[in-house]
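Before any comments, here is the structure.
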Amino acid sequence: MTSLVLTVRETLRYRGAIGQWSWVLHRLTGVGVVLFLALHVIDTSWAVFYPALYVKAIAAYQSPIFTLGEFGLVFAVVYHAFNGVRIVIFDYRPELWRYQSGAAVAVLIVTLLVLAPVFLGMAGHVLDFYFTEHAIAGDKLLDVVVFSIIEQLPFIAGFVGALAAAIVLAALYGMIRDGGSTVAGKYPEASPIERFWWAFMRLSGILILPLVFGHLALMHVVQGVFDITAAQQVAGTLQENGSIGPVPTAVEFVYHRWTYTAWGVFVWRVYDLFLLVLVTLHGFNGLRYVLTDYTSFHPFARRISSALCTVIAAVLLAVGAAALFVPIEKDIVGEALAATAEIYELRGEEVPAELEAYLTGAVEGAAEE
Amino acid sequence: MDVTFKIRRQNPEVPGQEKPYWQEFVLSDVDPADRVLEMLHRIKWEQDGSLSLRRSCAHGVCGSDAMRINGVNRLACKMLIQDVGERVQIEPILGLPVIKDLIVDMEPFFDHYKRVMPFFVNEDPVPEDGRERLQTQEDRELFDDSTKCILCACCTTSCPSFWANGHYVGPAAIVGAHRFIFDTRDQAGKERLDVLSEPDGVWRCRTIFNCTPACPRDIEVTRAIGEVKLAIRKGRTDGIIRPNEVQ
């Protein structure tokens with residue numbers, strides 16, 4: 001902790017050039033994106049495993065608090081991507097170092113140029129949603145915000161659980177071998193692992209670029225989070241959201257995406273699998289860099305940091321891959337409908353007649369059986 | 001002209017001064033062409049004899065008077081008053097334990113330096129004429145820049161990675177290693193690269209570029225670090241580091 005406090009304070013006091021501030025932004029945006037990644041992977045897997053929870057998660061993303069967060073997220077991803085390219089260039093062509101500060105300025109300019117139209121597009125979605133499609137009743141706004149915060153409690157519990165697991169793992173590892181480097185001049189032995197991760201971060205960063213920009217374009221600009229529940233053709237597929245259930249739902253959106261095939265391949269599942277693996281490994285190794293930088297004088301804390309990143313990354317990879325590999329049944333659309341009605345009520349909107357009829361019909365149908 | 005010096009002071013031996021504090025000194029009759037180091041002498045000799053600092057040659061060669069001047073690491077003997085203005089803030093370099101006022105304990109810094117074996121290794125018999133081992137001008141050029149280091153620690157103590165993590169070998173030690181890794185006559189490149197590929201070796205560098213402008217000798221520090229990283233990446237397979245040292 002003291003190491004972190006000292007570094008933050010002195011980074012503010014030291015008059016480093018623009019490279020120093022690029023590094024600060026790169027760290028902040030990286031940590032921000034990786035935290036959202038954890039929510040996002042788990043949430044999305046719910047579409048398959050717990051459709052009702054997925055409906056609520058998307059409703060939370062559509063609340064004002066996440067709407068603001070989405071702008072921050074998109075900024076973070078875009079800046080981190082461009083600055084990452086800059087780092088890769090100067091790491092592999094160190095003789096070009098004289099151009100690095102110019103490149104840092106260029107990264108900022110390009111980020112702003114890209115974000116201007118993107119933010120305009122996103123703002124259009126926001127305005128459409130709040131003022132025309134789903135005018136959330138003014139007195140319900142607070143309820144919606146509170147709901148979307150409460151929805152995140154399981155994640156906080158999840159992080160605490162992962163931390164506990166990491167502490168246990170770190171303690172067990174410490175019993176097997178002494179991984180400490182507490183005394184200056186005493187180092188853990190050389191290993192090729194860090195060499196691998198250094199190259200992996202750069203290679204994966206470059207591979208992620210087209211994937212993540214495609215994902216951002218599709219999910220934040222063309223069809224933002226607000227269009228997931230709209231009666232529209234699902235972008236990247238030939239299906240209409242609402243063609244299975246009585247009303248369009250977030251779960252049906254995912255169903256169409258993940259069942260869409262071209263040339264006999266589930267295109268979006270393959271796409272999402274690459275994104276999942278590359279971003280999770282890149283993100284949590286990056287988080288490990290950050291955490292181990294600031295725990296260098298506490299070998300146990302350092303081991304916990306590494307274990308924590310490993311545990312969370314492993315869980316995300318397992319859960320995410322499970323959702324992408326299981327066969328998807330149409331039933332999940334039906335399972336989402338009761339929760340969809342709840343969201344209408346939460347927002348003070350009238351539940352559509354088709355949905356109401358479907359739900360009563362389903363109850364009667366069940367009673368008759 | 002009058003110049004105000006705001007100096008970060010600390011003296012663990014005197015009660016009440018164990019914690020760092022700022023003290024201001026005002027000097028009159030200062031010439032813009034005066035050096036900051038001379039002004040620190042004047043403060044010590046004319047106003048407060050207890051002010052402690054390190055200096056030896058006073059001409060930018062020995063590297064003993066590195067300090068943070070107006071927020072950046074500099075040698076006090078190479079800075080003129082006209083470069084720093086009429087209000088000058090001076091504090092010890094960061095990341096090494098402060099012994100007193102502007103004097104820091106350089107031992108951790110030198111420990112890192114020693115780790116990379118900063119000396120020439122060649123077990124072959126001396127040439128038959130008994131004179132020096134010859135080298136082409138192009139080969140000499142490869143490490144020319146990194147021979148200029150004077151071990152002042154300006155680069156290492158400007159690095160946020162080193163502030164956070166004193167186990168990181170730091171820019172200066174990597175420049176010291178670069179001097180020999182890229183020397184075609186040297187034979188211990190592999191050992192040096194092994195040290196630098198440890199978890200707290202060269203990979204803790206985040207390409208922040210604070211070290212390069214901090215160097216009073218204008219060494220291209222970040223470039224040298226980058227070349228060492230690439231040597232570790234590629235050296236074992238295609239030998240971008242020439243001959244002998246990497247198998």
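Here, A, B, ... name the chains of the structure tokens in the order displayed, residue numbers run from 1 inside each chain, and ligands are numbered from 1 in the same displayed order.
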Checklist entry - What are the DSSP strand (DSSP E) residues of region 7-240 of chain B, as a PyMOL selection string? => result chain B and resi 7-9+21-27+66-69+72-75+87-91+98-100+103-104
Checklist entry - Contacts of Arg202 (chain A) at 7 Å or less, counting only C-alpha atoms, minus same-chain residues fewer than 4 places along, as a ChimeraX atom specification? => result /A:88,198,206
For the residues in the current selection, export N, CA and C atoms as a compact mmCIF listing (two decimals), in the first residue's frame.
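Produced file out.txt, reproduced below:
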```txt
# COMPACT_ATOMS: atom_id res chain seq x y z
N VAL A 88 3.89 -0.91 -28.38
CA VAL A 88 4.44 -2.02 -29.17
C VAL A 88 5.47 -1.50 -30.16
N TRP A 198 5.64 -11.06 -21.70
CA TRP A 198 5.94 -9.76 -22.32
C TRP A 198 5.55 -9.80 -23.80
N ILE A 206 -2.28 -6.72 -30.25
CA ILE A 206 -2.49 -6.45 -31.68
C ILE A 206 -3.64 -7.31 -32.22
```
Item to check | All residues 9 Å or closer to Phe120 (chain B), only C-alpha atoms, same chain fewer than 5 positions away omitted, as a PyMOL selection string | outcome: chain B and resi 180+183+185-188
Which residues of chain A sit at most 9 Å from chain B, using only C-alpha atoms? Give each one's shortest atom pair and distance in Å (one decimal place), in chain and ascending residue order, as JSON lines.
```
{"residue": "A:Thr2", "atom": "CA", "partner": "B:Ala164", "partner_atom": "CA", "distance": 8.8}
{"residue": "A:Ser3", "atom": "CA", "partner": "B:Ala164", "partner_atom": "CA", "distance": 5.1}
{"residue": "A:Leu4", "atom": "CA", "partner": "B:Ala164", "partner_atom": "CA", "distance": 6.4}
{"residue": "A:Val5", "atom": "CA", "partner": "B:Ala164", "partner_atom": "CA", "distance": 9.0}
{"residue": "A:Leu6", "atom": "CA", "partner": "B:Ala164", "partner_atom": "CA", "distance": 7.3}
{"residue": "A:Thr7", "atom": "CA", "partner": "B:Ala164", "partner_atom": "CA", "distance": 5.6}
{"residue": "A:Val8", "atom": "CA", "partner": "B:Pro160", "partner_atom": "CA", "distance": 8.9}
{"residue": "A:Glu10", "atom": "CA", "partner": "B:Pro160", "partner_atom": "CA", "distance": 8.3}
{"residue": "A:Thr11", "atom": "CA", "partner": "B:Pro160", "partner_atom": "CA", "distance": 6.9}
{"residue": "A:Arg13", "atom": "CA", "partner": "B:Gly71", "partner_atom": "CA", "distance": 6.6}
{"residue": "A:Tyr14", "atom": "CA", "partner": "B:Gly71", "partner_atom": "CA", "distance": 4.9}
{"residue": "A:Arg15", "atom": "CA", "partner": "B:Gly71", "partner_atom": "CA", "distance": 5.1}
{"residue": "A:Gly16", "atom": "CA", "partner": "B:Asn210", "partner_atom": "CA", "distance": 5.7}
{"residue": "A:Ala17", "atom": "CA", "partner": "B:Asn210", "partner_atom": "CA", "distance": 6.8}
{"residue": "A:Ile18", "atom": "CA", "partner": "B:Phe209", "partner_atom": "CA", "distance": 8.7}
{"residue": "A:Gly19", "atom": "CA", "partner": "B:Ile208", "partner_atom": "CA", "distance": 5.1}
{"residue": "A:Gln20", "atom": "CA", "partner": "B:Ile208", "partner_atom": "CA", "distance": 5.3}
{"residue": "A:Trp21", "atom": "CA", "partner": "B:Ile208", "partner_atom": "CA", "distance": 8.4}
{"residue": "A:Ser22", "atom": "CA", "partner": "B:Ile208", "partner_atom": "CA", "distance": 7.7}
{"residue": "A:Trp23", "atom": "CA", "partner": "B:Ile208", "partner_atom": "CA", "distance": 6.0}
{"residue": "A:Ile87", "atom": "CA", "partner": "B:Thr207", "partner_atom": "CA", "distance": 6.9}
{"residue": "A:Phe90", "atom": "CA", "partner": "B:Gly226", "partner_atom": "CA", "distance": 7.9}
{"residue": "A:Asp91", "atom": "CA", "partner": "B:Gly226", "partner_atom": "CA", "distance": 5.7}
{"residue": "A:Tyr92", "atom": "CA", "partner": "B:Leu230", "partner_atom": "CA", "distance": 7.1}
{"residue": "A:Arg93", "atom": "CA", "partner": "B:Gly226", "partner_atom": "CA", "distance": 7.9}
{"residue": "A:Pro94", "atom": "CA", "partner": "B:Arg223", "partner_atom": "CA", "distance": 4.7}
{"residue": "A:Glu95", "atom": "CA", "partner": "B:Arg223", "partner_atom": "CA", "distance": 5.9}
{"residue": "A:Leu96", "atom": "CA", "partner": "B:Arg223", "partner_atom": "CA", "distance": 8.1}
{"residue": "A:Trp97", "atom": "CA", "partner": "B:Arg223", "partner_atom": "CA", "distance": 6.4}
{"residue": "A:Gln100", "atom": "CA", "partner": "B:Phe209", "partner_atom": "CA", "distance": 8.4}
{"residue": "A:Ser101", "atom": "CA", "partner": "B:Phe209", "partner_atom": "CA", "distance": 8.9}
{"residue": "A:Ser181", "atom": "CA", "partner": "B:His167", "partner_atom": "CA", "distance": 7.9}
{"residue": "A:Thr182", "atom": "CA", "partner": "B:His167", "partner_atom": "CA", "distance": 8.4}
{"residue": "A:Val183", "atom": "CA", "partner": "B:His167", "partner_atom": "CA", "distance": 8.3}
{"residue": "A:Ala184", "atom": "CA", "partner": "B:His167", "partner_atom": "CA", "distance": 5.9}
{"residue": "A:Gly185", "atom": "CA", "partner": "B:Asp111", "partner_atom": "CA", "distance": 6.2}
{"residue": "A:Lys186", "atom": "CA", "partner": "B:His167", "partner_atom": "CA", "distance": 8.5}
{"residue": "A:Tyr187", "atom": "CA", "partner": "B:Asp200", "partner_atom": "CA", "distance": 7.6}
{"residue": "A:Pro188", "atom": "CA", "partner": "B:Glu198", "partner_atom": "CA", "distance": 7.0}
{"residue": "A:Glu189", "atom": "CA", "partner": "B:Glu198", "partner_atom": "CA", "distance": 6.4}
{"residue": "A:Ala190", "atom": "CA", "partner": "B:Glu198", "partner_atom": "CA", "distance": 4.3}
{"residue": "A:Ser191", "atom": "CA", "partner": "B:Glu198", "partner_atom": "CA", "distance": 6.1}
{"residue": "A:Pro192", "atom": "CA", "partner": "B:Ser197", "partner_atom": "CA", "distance": 7.2}
{"residue": "A:Ile193", "atom": "CA", "partner": "B:Pro199", "partner_atom": "CA", "distance": 8.4}
{"residue": "A:Glu194", "atom": "CA", "partner": "B:Pro199", "partner_atom": "CA", "distance": 6.1}
{"residue": "A:Arg195", "atom": "CA", "partner": "B:Ser197", "partner_atom": "CA", "distance": 6.7}
{"residue": "A:Phe196", "atom": "CA", "partner": "B:Arg233", "partner_atom": "CA", "distance": 8.5}
{"residue": "A:Trp198", "atom": "CA", "partner": "B:Trp203", "partner_atom": "CA", "distance": 7.0}
{"residue": "A:Ala199", "atom": "CA", "partner": "B:Arg233", "partner_atom": "CA", "distance": 8.1}
{"residue": "A:Tyr289", "atom": "CA", "partner": "B:Arg204", "partner_atom": "CA", "distance": 8.3}
{"residue": "A:Thr292", "atom": "CA", "partner": "B:Asn165", "partner_atom": "CA", "distance": 8.8}
{"residue": "A:Asp293", "atom": "CA", "partner": "B:Asn165", "partner_atom": "CA", "distance": 5.9}
{"residue": "A:Tyr294", "atom": "CA", "partner": "B:Ala164", "partner_atom": "CA", "distance": 5.6}
{"residue": "A:Thr295", "atom": "CA", "partner": "B:Asn165", "partner_atom": "CA", "distance": 7.7}
{"residue": "A:Ser296", "atom": "CA", "partner": "B:Asn165", "partner_atom": "CA", "distance": 5.5}
{"residue": "A:Phe297", "atom": "CA", "partner": "B:Asn165", "partner_atom": "CA", "distance": 7.5}
```
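Remark: for Phe66 (chain A), the closest of the candidate residues A:Leu238, A:Leu127, A:Ala47, A:Val225 is A:Val225 (distances computed over only C-alpha atoms).
The nearest approach to Thr157 (chain B) among the residues B:Arg74, B:Lys19, B:Arg9, B:Arg54, with only C-alpha atoms taken into account, belongs to B:Arg74.
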